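To be precise, the following lines are protein.csv, and they hold CSV, C-alpha atoms.
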```
chain,number,residue,atom,x,y,z
I,1,MET,CA,0.0,0.0,0.0
I,2,LEU,CA,2.7,2.5,1.0
I,3,LYS,CA,4.9,1.7,-2.0
I,4,ILE,CA,1.9,2.3,-4.3
I,5,ILE,CA,1.3,5.7,-2.7
I,6,ASP,CA,5.0,6.5,-2.7
I,7,ARG,CA,5.2,5.7,-6.4
I,8,TYR,CA,2.1,7.7,-7.1
I,9,ILE,CA,3.3,10.8,-5.3
I,10,LEU,CA,6.8,10.6,-6.7
I,11,LYS,CA,5.5,10.2,-10.2
I,12,ARG,CA,3.3,13.2,-9.8
I,13,TYR,CA,6.2,15.2,-8.3
I,14,LEU,CA,8.6,14.6,-11.2
I,15,VAL,CA,6.0,14.7,-14.0
I,16,THR,CA,4.4,18.0,-12.8
I,17,PHE,CA,7.9,19.6,-12.3
I,18,SER,CA,9.0,18.4,-15.8
I,19,VAL,CA,5.7,19.7,-17.4
I,20,MET,CA,6.1,23.0,-15.6
I,21,LEU,CA,9.6,23.4,-17.1
I,22,LEU,CA,8.5,22.3,-20.6
I,23,MET,CA,5.6,24.7,-20.4
I,24,PHE,CA,7.3,27.9,-19.2
I,25,ILE,CA,10.7,27.7,-21.0
I,26,PRO,CA,9.1,27.8,-24.5
I,27,ILE,CA,7.1,30.8,-23.3
I,28,GLY,CA,10.3,32.4,-22.2
I,29,ILE,CA,11.9,31.7,-25.6
I,30,VAL,CA,9.0,33.2,-27.4
I,31,ILE,CA,9.1,36.4,-25.3
I,32,ASP,CA,12.9,36.6,-25.8
I,33,VAL,CA,12.6,36.1,-29.6
I,34,SER,CA,9.9,38.8,-29.8
I,35,GLU,CA,12.2,41.3,-27.9
I,36,LYS,CA,15.5,40.4,-29.7
I,37,VAL,CA,14.5,39.5,-33.3
I,38,ASN,CA,15.1,43.0,-34.6
I,39,LYS,CA,18.6,43.1,-33.2
I,40,MET,CA,19.4,39.7,-34.7
I,41,ILE,CA,18.2,40.7,-38.1
I,42,GLU,CA,20.2,44.0,-38.0
I,43,ASN,CA,23.3,42.1,-37.0
I,44,HIS,CA,22.8,39.3,-39.6
I,45,VAL,CA,23.2,36.6,-36.9
I,46,PRO,CA,23.5,33.1,-38.5
I,47,PHE,CA,20.7,30.7,-37.7
I,48,SER,CA,23.1,28.2,-36.3
I,49,LYS,CA,24.3,30.7,-33.7
I,50,ILE,CA,20.7,31.6,-32.8
I,51,ALA,CA,19.8,27.9,-32.4
I,52,GLN,CA,22.8,27.4,-30.1
I,53,TYR,CA,21.9,30.6,-28.2
I,54,TYR,CA,18.4,29.3,-27.4
I,55,LEU,CA,19.8,25.9,-26.4
I,56,ASP,CA,22.1,27.7,-23.9
I,57,PHE,CA,19.1,29.9,-23.0
I,58,THR,CA,17.1,26.8,-22.0
I,59,ILE,CA,19.8,25.4,-19.8
I,60,TYR,CA,20.7,28.7,-18.3
I,61,PHE,CA,17.2,29.7,-17.3
I,62,ALA,CA,16.1,26.2,-16.2
I,63,ASN,CA,19.0,26.3,-13.7
I,64,LEU,CA,18.3,29.9,-12.7
I,65,LEU,CA,14.5,29.5,-12.1
I,66,PHE,CA,14.2,25.8,-11.2
I,67,PRO,CA,13.4,26.6,-7.5
I,68,ILE,CA,10.3,28.6,-8.5
I,69,PHE,CA,9.2,26.0,-11.0
I,70,LEU,CA,9.7,23.2,-8.4
I,71,PHE,CA,7.9,25.1,-5.7
I,72,LEU,CA,4.9,26.0,-7.8
I,73,SER,CA,4.6,22.5,-9.3
I,74,ILE,CA,4.6,20.9,-5.8
I,75,ILE,CA,1.9,23.3,-4.7
I,76,TRP,CA,-0.1,22.6,-7.8
I,77,PHE,CA,-0.3,18.8,-7.5
I,78,THR,CA,-0.4,18.7,-3.7
I,79,SER,CA,-3.3,21.2,-3.7
I,80,LYS,CA,-5.1,18.9,-6.1
I,81,LEU,CA,-4.5,15.9,-3.8
I,82,ALA,CA,-5.9,18.0,-0.9
I,83,SER,CA,-8.9,19.2,-2.8
I,84,ASN,CA,-9.8,15.6,-3.8
I,85,THR,CA,-9.4,14.6,-0.1
I,86,GLU,CA,-6.7,12.1,-1.1
I,87,ILE,CA,-4.3,13.5,1.6
I,88,ILE,CA,-7.0,13.1,4.3
I,89,ALA,CA,-7.5,9.5,3.2
I,90,ILE,CA,-3.8,8.8,3.3
I,91,LEU,CA,-3.3,10.3,6.8
I,92,SER,CA,-6.6,8.7,8.1
I,93,SER,CA,-5.2,5.3,7.3
I,94,GLY,CA,-2.6,5.7,10.0
I,95,ILE,CA,0.3,7.0,7.9
I,96,SER,CA,2.1,9.8,9.7
I,97,PHE,CA,2.7,13.2,8.1
I,98,SER,CA,6.5,12.5,8.2
I,99,ARG,CA,6.0,9.2,6.4
I,100,PHE,CA,3.7,11.0,3.9
I,101,LEU,CA,6.7,13.3,3.1
I,102,ARG,CA,9.0,10.5,2.2
I,103,PRO,CA,8.3,10.4,-1.6
I,104,TYR,CA,8.6,14.2,-1.7
I,105,ILE,CA,12.0,14.0,-0.1
I,106,ILE,CA,13.0,11.3,-2.6
I,107,GLY,CA,11.8,13.6,-5.4
I,108,ALA,CA,13.7,16.5,-4.0
I,109,THR,CA,16.8,14.3,-3.9
I,110,ILE,CA,16.5,13.4,-7.5
I,111,VAL,CA,15.9,17.0,-8.5
I,112,SER,CA,18.7,18.3,-6.3
I,113,ILE,CA,21.3,15.8,-7.8
I,114,GLY,CA,20.1,16.8,-11.3
I,115,ALA,CA,20.5,20.5,-10.4
I,116,LEU,CA,24.0,19.9,-9.0
I,117,VAL,CA,25.2,17.9,-12.1
I,118,MET,CA,23.8,20.6,-14.3
I,119,SER,CA,25.5,23.4,-12.4
I,120,ILE,CA,28.9,21.6,-12.6
I,121,TYR,CA,28.9,20.2,-16.1
I,122,LEU,CA,26.2,21.9,-18.3
I,123,VAL,CA,25.5,25.4,-16.9
I,124,PRO,CA,29.1,26.8,-17.2
I,125,SER,CA,29.2,26.1,-20.9
I,126,ALA,CA,25.6,27.3,-21.4
I,127,SER,CA,26.2,30.4,-19.4
I,128,GLY,CA,29.3,31.3,-21.5
I,129,GLY,CA,27.5,30.7,-24.7
I,130,PHE,CA,24.4,32.6,-23.6
I,131,LYS,CA,26.3,35.7,-22.4
I,132,ASN,CA,28.8,35.7,-25.2
I,133,PHE,CA,25.9,35.8,-27.7
I,134,ARG,CA,24.2,38.7,-25.8
I,135,TYR,CA,27.4,40.8,-25.7
I,136,MET,CA,28.4,40.0,-29.3
I,137,TYR,CA,25.0,40.7,-30.9
I,138,LEU,CA,22.5,42.2,-28.6
I,139,ILE,CA,24.1,44.6,-26.1
I,140,GLY,CA,25.4,48.1,-26.8
I,141,ASN,CA,29.1,48.0,-27.8
I,142,GLY,CA,29.3,44.2,-28.0
I,143,GLN,CA,32.7,42.7,-27.1
I,144,SER,CA,34.0,45.9,-25.4
I,145,GLU,CA,31.4,45.5,-22.7
I,146,MET,CA,32.3,41.8,-22.1
I,147,ARG,CA,35.5,42.8,-20.3
I,148,ASP,CA,36.4,44.9,-17.3
I,149,ASN,CA,38.0,47.6,-19.5
I,150,SER,CA,38.4,50.7,-17.3
I,151,ASP,CA,40.9,51.2,-14.5
I,152,VAL,CA,42.0,47.6,-14.3
I,153,PHE,CA,44.4,46.9,-11.4
I,154,ARG,CA,45.7,43.4,-11.1
I,155,GLN,CA,48.2,41.5,-8.9
I,156,ILE,CA,49.7,39.0,-11.4
I,157,SER,CA,52.1,37.3,-8.9
I,158,LYS,CA,53.2,37.5,-5.3
I,159,ASP,CA,55.2,40.7,-6.0
I,160,GLU,CA,54.1,42.0,-9.4
I,161,TYR,CA,51.2,44.5,-10.1
I,162,ILE,CA,49.8,45.9,-13.4
I,163,TYR,CA,47.4,48.7,-14.2
I,164,VAL,CA,45.8,50.1,-17.3
I,165,SER,CA,43.4,53.0,-17.5
I,166,ASN,CA,41.4,51.7,-20.5
I,167,PHE,CA,41.4,48.8,-23.0
I,168,ASN,CA,40.1,48.6,-26.6
I,169,ASP,CA,39.1,45.1,-27.3
I,170,MET,CA,38.9,45.6,-31.1
I,171,SER,CA,42.5,46.8,-31.5
I,172,LYS,CA,43.8,44.9,-28.4
I,173,ILE,CA,45.5,48.1,-27.1
I,174,ALA,CA,45.5,49.2,-23.5
I,175,PHE,CA,46.4,52.8,-22.4
I,176,ASN,CA,48.4,54.2,-19.6
I,177,PHE,CA,50.0,50.9,-18.7
I,178,SER,CA,52.2,50.5,-15.6
I,179,MET,CA,53.8,47.5,-14.0
I,180,GLU,CA,55.5,47.4,-10.6
I,181,LYS,CA,57.8,44.7,-9.2
I,182,PHE,CA,58.7,44.5,-5.6
I,183,LYS,CA,61.3,42.6,-3.6
I,184,GLY,CA,59.8,42.3,-0.2
I,185,ASP,CA,58.7,45.8,0.7
I,186,GLN,CA,61.1,47.5,-1.7
I,187,LEU,CA,60.3,48.6,-5.2
I,188,GLU,CA,62.6,46.8,-7.6
I,189,TYR,CA,61.5,48.4,-10.8
I,190,LYS,CA,58.6,50.3,-12.4
I,191,LEU,CA,57.7,50.0,-16.1
I,192,THR,CA,55.3,52.5,-17.7
I,193,ALA,CA,54.0,53.0,-21.3
I,194,ASN,CA,51.5,55.2,-23.0
I,195,ARG,CA,50.1,52.2,-24.8
I,196,ILE,CA,50.6,48.4,-24.8
I,197,LYS,CA,49.3,46.2,-27.7
I,198,TRP,CA,48.7,42.5,-27.6
I,199,ASN,CA,50.1,40.7,-30.8
I,200,GLU,CA,48.0,37.6,-31.4
I,201,ASP,CA,50.2,36.1,-34.0
I,202,LYS,CA,53.5,36.5,-32.0
I,203,LYS,CA,51.9,36.0,-28.6
I,204,ASN,CA,53.8,39.0,-27.2
I,205,TYR,CA,53.2,42.6,-26.3
I,206,THR,CA,54.4,45.9,-27.9
I,207,LEU,CA,55.1,48.8,-25.7
I,208,PHE,CA,54.9,52.4,-27.0
I,209,ASN,CA,56.6,55.4,-25.5
I,210,TYR,CA,57.8,53.3,-22.6
I,211,LYS,CA,60.0,54.0,-19.6
I,212,LYS,CA,61.6,51.5,-17.2
I,213,ARG,CA,63.0,52.8,-13.9
I,214,LYS,CA,65.1,50.2,-12.0
I,215,VAL,CA,65.8,51.2,-8.4
I,216,GLY,CA,69.5,50.8,-7.5
I,217,ALA,CA,71.4,51.3,-4.2
I,218,LEU,CA,73.7,53.9,-5.8
I,219,GLY,CA,71.1,55.4,-8.2
I,220,ASP,CA,68.2,54.5,-10.5
I,221,ILE,CA,68.8,53.1,-14.0
I,222,ILE,CA,66.4,54.4,-16.6
I,223,GLU,CA,65.6,52.8,-19.9
I,224,ALA,CA,63.2,54.5,-22.3
I,225,GLY,CA,62.2,54.2,-26.0
I,226,ASP,CA,59.5,54.7,-28.5
I,227,LYS,CA,58.7,51.0,-29.1
I,228,LYS,CA,59.6,47.6,-27.7
I,229,ASP,CA,58.4,44.1,-28.2
I,230,THR,CA,58.4,42.0,-25.0
I,231,ILE,CA,56.9,39.0,-23.2
I,232,PHE,CA,55.1,39.2,-19.9
I,233,ASN,CA,53.9,36.5,-17.5
I,234,PHE,CA,50.3,37.6,-17.9
I,235,ASP,CA,47.8,37.1,-20.7
I,236,LEU,CA,44.9,39.1,-22.1
I,237,ASP,CA,42.4,37.7,-19.6
I,238,ASP,CA,44.7,39.0,-16.8
I,239,LEU,CA,44.8,42.4,-18.4
I,240,THR,CA,41.1,42.7,-19.2
I,241,PRO,CA,39.1,39.9,-17.4
I,242,VAL,CA,35.8,38.9,-18.8
I,243,VAL,CA,33.2,40.2,-16.3
I,244,TYR,CA,31.3,36.9,-16.0
I,245,ILE,CA,34.4,34.6,-16.2
I,246,ALA,CA,33.5,32.6,-13.0
I,247,GLU,CA,30.1,31.6,-14.4
I,248,THR,CA,31.7,29.9,-17.4
I,249,LEU,CA,34.1,27.6,-15.5
I,250,SER,CA,33.6,24.0,-14.5
I,251,LEU,CA,33.9,23.3,-10.8
I,252,SER,CA,37.5,22.2,-10.8
I,253,ASP,CA,38.6,25.1,-13.0
I,254,LEU,CA,36.6,27.5,-10.8
I,255,ASN,CA,38.4,26.3,-7.7
I,256,LYS,CA,41.8,26.7,-9.4
I,257,PHE,CA,40.7,30.2,-10.7
I,258,ILE,CA,39.6,31.3,-7.2
I,259,ASP,CA,42.9,30.1,-5.7
I,260,LYS,CA,44.8,32.0,-8.4
I,261,GLU,CA,42.7,35.2,-7.9
I,262,ARG,CA,43.0,35.0,-4.1
I,263,ALA,CA,46.8,34.8,-4.4
I,264,ARG,CA,46.7,37.9,-6.6
I,265,GLY,CA,44.6,39.8,-4.1
I,266,SER,CA,41.8,40.2,-6.7
I,267,SER,CA,39.1,42.8,-5.8
I,268,ASN,CA,36.5,40.5,-7.5
I,269,ILE,CA,37.1,37.5,-5.3
I,270,ASN,CA,33.8,37.7,-3.5
I,271,ILE,CA,31.9,37.6,-6.9
I,272,TYR,CA,33.7,34.4,-7.8
I,273,LEU,CA,33.0,32.9,-4.3
I,274,VAL,CA,29.3,33.6,-4.7
I,275,VAL,CA,29.2,31.7,-8.0
I,276,LEU,CA,31.0,28.7,-6.3
I,277,TYR,CA,28.8,28.6,-3.2
I,278,LYS,CA,25.6,28.9,-5.1
I,279,LYS,CA,26.5,25.6,-7.0
I,280,TYR,CA,25.8,23.9,-3.6
I,281,SER,CA,23.2,26.2,-2.0
I,282,ILE,CA,20.7,26.1,-4.9
I,283,PRO,CA,20.4,22.2,-4.9
I,284,VAL,CA,19.9,22.2,-1.1
I,285,SER,CA,17.0,24.7,-1.6
I,286,ALA,CA,15.1,22.0,-3.4
I,287,PHE,CA,14.6,20.2,-0.1
I,288,ILE,CA,13.6,23.4,1.8
I,289,LEU,CA,11.1,24.5,-0.8
I,290,THR,CA,9.6,21.0,-1.1
I,291,ILE,CA,8.9,20.9,2.6
I,292,ILE,CA,7.4,24.5,2.6
I,293,ALA,CA,5.3,23.7,-0.5
I,294,VAL,CA,3.9,20.5,1.0
I,295,ALA,CA,3.1,22.2,4.4
I,296,VAL,CA,1.4,25.1,2.6
I,297,SER,CA,-0.7,23.1,0.2
I,298,SER,CA,-1.6,19.9,2.1
I,299,MET,CA,-4.6,21.4,3.8
I,300,LYS,CA,-7.9,22.2,2.2
I,301,ARG,CA,-8.5,26.0,2.1
I,302,ARG,CA,-11.6,28.0,1.5
I,303,GLY,CA,-9.9,29.6,-1.6
I,304,GLY,CA,-8.9,26.1,-2.9
I,305,MET,CA,-5.9,25.7,-5.2
I,306,GLY,CA,-5.9,29.5,-6.1
I,307,ALA,CA,-5.2,30.5,-2.5
I,308,ASN,CA,-2.4,27.9,-2.2
I,309,LEU,CA,-0.9,29.1,-5.5
I,310,ALA,CA,-1.1,32.8,-4.3
I,311,ILE,CA,0.7,31.9,-1.1
I,312,GLY,CA,3.2,29.8,-3.0
I,313,ILE,CA,4.0,32.6,-5.5
I,314,VAL,CA,4.6,35.1,-2.6
I,315,ILE,CA,6.9,32.7,-0.8
I,316,ALA,CA,8.8,31.6,-4.0
I,317,PHE,CA,9.5,35.2,-5.1
I,318,SER,CA,10.4,36.2,-1.5
I,319,PHE,CA,13.1,33.4,-1.6
I,320,ILE,CA,14.4,34.6,-5.0
I,321,PHE,CA,14.4,38.2,-3.8
I,322,LEU,CA,16.3,37.4,-0.6
I,323,ASP,CA,18.7,35.3,-2.6
I,324,LYS,CA,19.5,38.2,-4.9
I,325,ILE,CA,19.7,40.8,-2.1
I,326,PHE,CA,22.3,38.8,-0.2
I,327,GLY,CA,24.1,37.8,-3.3
I,328,VAL,CA,24.7,41.5,-4.1
I,329,LEU,CA,25.7,42.2,-0.5
I,330,ALA,CA,28.3,39.4,-0.7
I,331,GLU,CA,29.7,40.9,-3.9
I,332,LYS,CA,29.7,44.6,-2.9
I,333,SER,CA,30.1,44.6,0.9
I,334,THR,CA,32.3,43.0,3.6
I,335,MET,CA,29.7,40.3,4.4
I,336,PRO,CA,31.4,36.9,4.0
I,337,PRO,CA,30.1,35.3,0.8
I,338,LEU,CA,29.5,31.9,2.4
I,339,ILE,CA,27.2,33.3,5.0
I,340,ALA,CA,25.4,35.6,2.5
I,341,VAL,CA,24.8,32.8,0.1
I,342,TRP,CA,23.4,30.5,2.7
I,343,ILE,CA,21.2,33.0,4.6
I,344,PRO,CA,18.1,32.5,2.3
I,345,ASN,CA,18.3,28.7,2.9
I,346,ILE,CA,18.7,29.2,6.6
I,347,VAL,CA,15.8,31.7,6.9
I,348,PHE,CA,13.5,29.5,4.7
I,349,GLY,CA,14.7,26.4,6.5
I,350,VAL,CA,13.5,27.8,9.8
I,351,LEU,CA,10.2,28.7,8.0
I,352,ALA,CA,10.0,25.2,6.6
I,353,LEU,CA,10.3,23.6,10.1
I,354,TYR,CA,7.7,26.0,11.5
I,355,LEU,CA,5.2,25.2,8.7
I,356,LEU,CA,5.9,21.5,8.9
I,357,ARG,CA,5.2,21.5,12.6
I,358,ASN,CA,1.9,23.2,12.1
I,359,ALA,CA,1.0,20.9,9.2
I,360,LYS,CA,1.6,17.8,11.4
I,361,ARG,CA,-1.0,19.2,13.9
```

Step by step, read the file and then write its structure as structure tokens.
Amino acid sequence: MLKIIDRYILKRYLVTFSVMLLMFIPIGIVIDVSEKVNKMIENHVPFSKIAQYYLDFTIYFANLLFPIFLFLSIIWFTSKLASNTEIIAILSSGISFSRFLRPYIIGATIVSIGALVMSIYLVPSASGGFKNFRYMYLIGNGQSEMRDNSDVFRQISKDEYIYVSNFNDMSKIAFNFSMEKFKGDQLEYKLTANRIKWNEDKKNYTLFNYKKRKVGALGDIIEAGDKKDTIFNFDLDDLTPVVYIAETLSLSDLNKFIDKERARGSSNINIYLVVLYKKYSIPVSAFILTIIAVAVSSMKRRGGMGANLAIGIVIAFSFIFLDKIFGVLAEKSTMPPLIAVWIPNIVFGVLALYLLRNAKR
């Protein structure tokens, strides 16, 4: 008897969630096409790139919005069970509310594992393709906006620092370049140039109107010239990082990238840590939202399914709002990213326990 009920609820859980995704993602694609079609035509975007963009769009938004879809789908089918008095019949047969929750938790586990696998293996590539397309064909100045082009200050090693005031992605030229190398607390040399150009074919840089001052015990040594080809131990991504680079990396590459940026003293380290921690916090939210959804919708209400859906929508968007607020706080303030990312789960976890306790009564 219990196994039949478990299979029945688990099937409804997974099927309703899948239908919700399959129903709303095409709607999102249609809305996006209607908004972007003029830009695509103006920029003569090949159909193959458009098709790839919407494949990436599907994966990107399924991962981004799956907590809302999951939450609403559970409320939808659980409210139907409640309105048909099926839940009352199940609980009246002697099954506890905790036991009634078991197939929901199994479903949440399946969805959570799926979300984790997607965030590690599929979402980074889809995120890169989705955002590259938008910057290349749909947003303002295109590629120039993909990179952190103005006032870029980077620590490229333990004792080396670089700075450029501006970078032109089309010509691969940066302006007002400077590089400082320290030995302990002492400046060893400083190199400046009006311009620095990346040479793709030679894999080196050309300095224009450069000056190198080497600090010596008996006096400084100055080297200057109009033009010089040279090699540095940094690449173009170090000079002008892509603003969403962390979102495009696999889990192992992201961990290596964060270690590298932390050693450099990157000012964007919190942004990268938020991306890392959300890979784990979002799948966990599947369990929390599942419990809240069941607790909210398992009782018959005067307003029926409509009342449950209204409550569910308020809770779901409150979760997303809180997640965004603390994500921004983690990136822009001194709040530890780990705490900021997990606060929505903690807050709604407490809410889930409270609602579950009342539902059992």

Non-local contacts of Leu191 (chain I) (8 Å; only C-alpha atoms; under 3 positions in same chain excluded) as a PyMOL selection string: chain I and resi 178-180+210-213

May I have a table of the residues of region 202-302 of chain I lying at most 8 Å from region 57-80 of chain I, giving each one's closest pair of atoms and their distance in Å to one decimal, counting all atoms listed in the file, ordered by chain and ascending residue number, as a tab-separated table?
```
residue	atom	partner	partner_atom	distance
I:Ile282	CA	I:Pro67	CA	7.8
I:Ser285	CA	I:Pro67	CA	7.2
I:Ala286	CA	I:Pro67	CA	6.4
I:Leu289	CA	I:Phe71	CA	5.9
I:Thr290	CA	I:Phe71	CA	6.4
I:Ala293	CA	I:Ile75	CA	5.4
I:Val294	CA	I:Thr78	CA	6.6
I:Val296	CA	I:Ile75	CA	7.5
I:Ser297	CA	I:Ser79	CA	5.1
I:Ser298	CA	I:Thr78	CA	6.0
I:Met299	CA	I:Ser79	CA	7.6
I:Lys300	CA	I:Ser79	CA	7.5
```

Selected residue of minimal separation from Ala89 (chain I) among I:Val341, I:Ile288, I:Ile5, I:Ala217, counting all atoms listed in the file: I:Ile5

Expected residue set, 9 Å radius at (61.7, 58.9, -23.3), only C-alpha atoms, as a list of chain:residue names: I:Asn209, I:Tyr210, I:Lys211, I:Glu223, I:Ala224, I:Gly225, I:Asp226

Distance cut-off 8 Å, centre (50.5, 51.8, -18.0) in file coordinates, counting only C-alpha atoms: which residues qualify? Return them as a tab-separated table (two decimals) with C-alpha atoms, keeping the file's coordinate frame.
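Final file, out27.tsv:
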```tsv
chain	number	residue	atom	x	y	z
I	162	ILE	CA	49.80	45.90	-13.40
I	163	TYR	CA	47.40	48.70	-14.20
I	164	VAL	CA	45.80	50.10	-17.30
I	165	SER	CA	43.40	53.00	-17.50
I	174	ALA	CA	45.50	49.20	-23.50
I	175	PHE	CA	46.40	52.80	-22.40
I	176	ASN	CA	48.40	54.20	-19.60
I	177	PHE	CA	50.00	50.90	-18.70
I	178	SER	CA	52.20	50.50	-15.60
I	179	MET	CA	53.80	47.50	-14.00
I	191	LEU	CA	57.70	50.00	-16.10
I	192	THR	CA	55.30	52.50	-17.70
I	193	ALA	CA	54.00	53.00	-21.30
I	194	ASN	CA	51.50	55.20	-23.00
I	195	ARG	CA	50.10	52.20	-24.80
I	196	ILE	CA	50.60	48.40	-24.80
```

Separation of CA of Pro103 (chain I) from CA of Ile292 (chain I) in Å: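 These two atoms are separated by 14.7 Å.
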
Selected residue of minimal separation from Arg357 (chain I) among I:Val111, I:Ile291, I:Met136, I:Ile325, counting all atoms listed in the file: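 Looking at the shortest contact to Arg357 (chain I), the residue is I:Ile291.
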
Shortest interatomic distance to Asn132 (chain I) - which of I:Gln155, I:Gln52, I:Asn38, I:Ser281, counting only C-alpha atoms: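 Ranking I:Gln155, I:Gln52, I:Asn38, I:Ser281 by distance to Asn132 (chain I), first place goes to I:Gln52.
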
Residue neighbourhood Lys131 (chain I), 10 Å, only C-alpha atoms, exclusion window fewer than 4 positions, as a list of chain:residue names: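 Using only C-alpha atoms, the neighbours found are I:Tyr53, I:Asp56, I:Phe57, I:Tyr60, I:Ala126, I:Ser127, I:Tyr135, I:Met136, I:Tyr137, I:Leu138, I:Ile139, I:Met146, I:Tyr244, I:Glu247, I:Thr248.
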
Distance of CA of Asn270 (chain I) from CA of Ile113 (chain I), expressed in Å to one decimal place: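 Interatomic distance here is 25.6 Å.
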
Residue nearest Phe321 (chain I) - candidates I:Ile343, I:Ile156, I:Met20, I:Thr85, atoms counted: all atoms listed in the file: I:Ile343

From I:Leu14, I:Ala352, I:Ile88, I:Ala310, residue lying nearest Thr109 (chain I) [all atoms listed in the file]: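 Closest to Thr109 (chain I), using all atoms listed in the file: I:Leu14.
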
Nearest to Arg134 (chain I), chosen from I:Ser157, I:Asn43, I:Asn84, I:Asn204, with only C-alpha atoms counted in the distances: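 Using only C-alpha atoms, the shortest distance to Arg134 (chain I) belongs to I:Asn43.
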
Separation of CA of Lys183 (chain I) from CA of Thr230 (chain I) in Å: 21.6 Å

Residues near region 199-203 of chain I, cut-off 9 Å, only C-alpha atoms, skip fewer than 5 positions along chain, as a PyMOL selection string: chain I and resi 172+231+235

Starting from the structure just given, write a file holding region 89-94 of chain I with all heavy atoms, as a compact mmCIF listing (two decimals), in the first residue's frame.
```txt
# COMPACT_ATOMS: atom_id res chain seq x y z
N ALA I 89 -7.40 10.99 3.23
CA ALA I 89 -7.54 9.53 3.20
C ALA I 89 -6.23 8.84 3.56
O ALA I 89 -6.22 7.84 4.29
CB ALA I 89 -8.01 9.09 1.82
N ILE I 90 -5.13 9.36 3.05
CA ILE I 90 -3.82 8.76 3.33
C ILE I 90 -3.49 8.87 4.81
O ILE I 90 -3.08 7.90 5.45
CB ILE I 90 -2.73 9.44 2.48
CG1 ILE I 90 -2.92 9.10 1.00
CG2 ILE I 90 -1.34 9.01 2.93
CD1 ILE I 90 -2.03 9.90 0.06
N LEU I 91 -3.69 10.06 5.39
CA LEU I 91 -3.34 10.27 6.79
C LEU I 91 -4.32 9.55 7.72
O LEU I 91 -3.94 9.10 8.81
CB LEU I 91 -3.34 11.77 7.11
CG LEU I 91 -2.29 12.62 6.35
CD1 LEU I 91 -2.41 14.09 6.74
CD2 LEU I 91 -0.88 12.12 6.64
N SER I 92 -5.58 9.40 7.28
CA SER I 92 -6.57 8.70 8.11
C SER I 92 -6.29 7.21 8.19
O SER I 92 -6.77 6.53 9.11
CB SER I 92 -7.98 8.92 7.54
OG SER I 92 -8.32 10.29 7.56
N SER I 93 -5.53 6.69 7.24
CA SER I 93 -5.21 5.26 7.25
C SER I 93 -4.13 4.91 8.27
O SER I 93 -3.75 3.74 8.38
CB SER I 93 -4.77 4.82 5.85
OG SER I 93 -3.54 5.43 5.50
N GLY I 94 -3.63 5.93 8.98
CA GLY I 94 -2.63 5.68 10.01
C GLY I 94 -1.22 6.07 9.61
O GLY I 94 -0.28 5.94 10.40
```
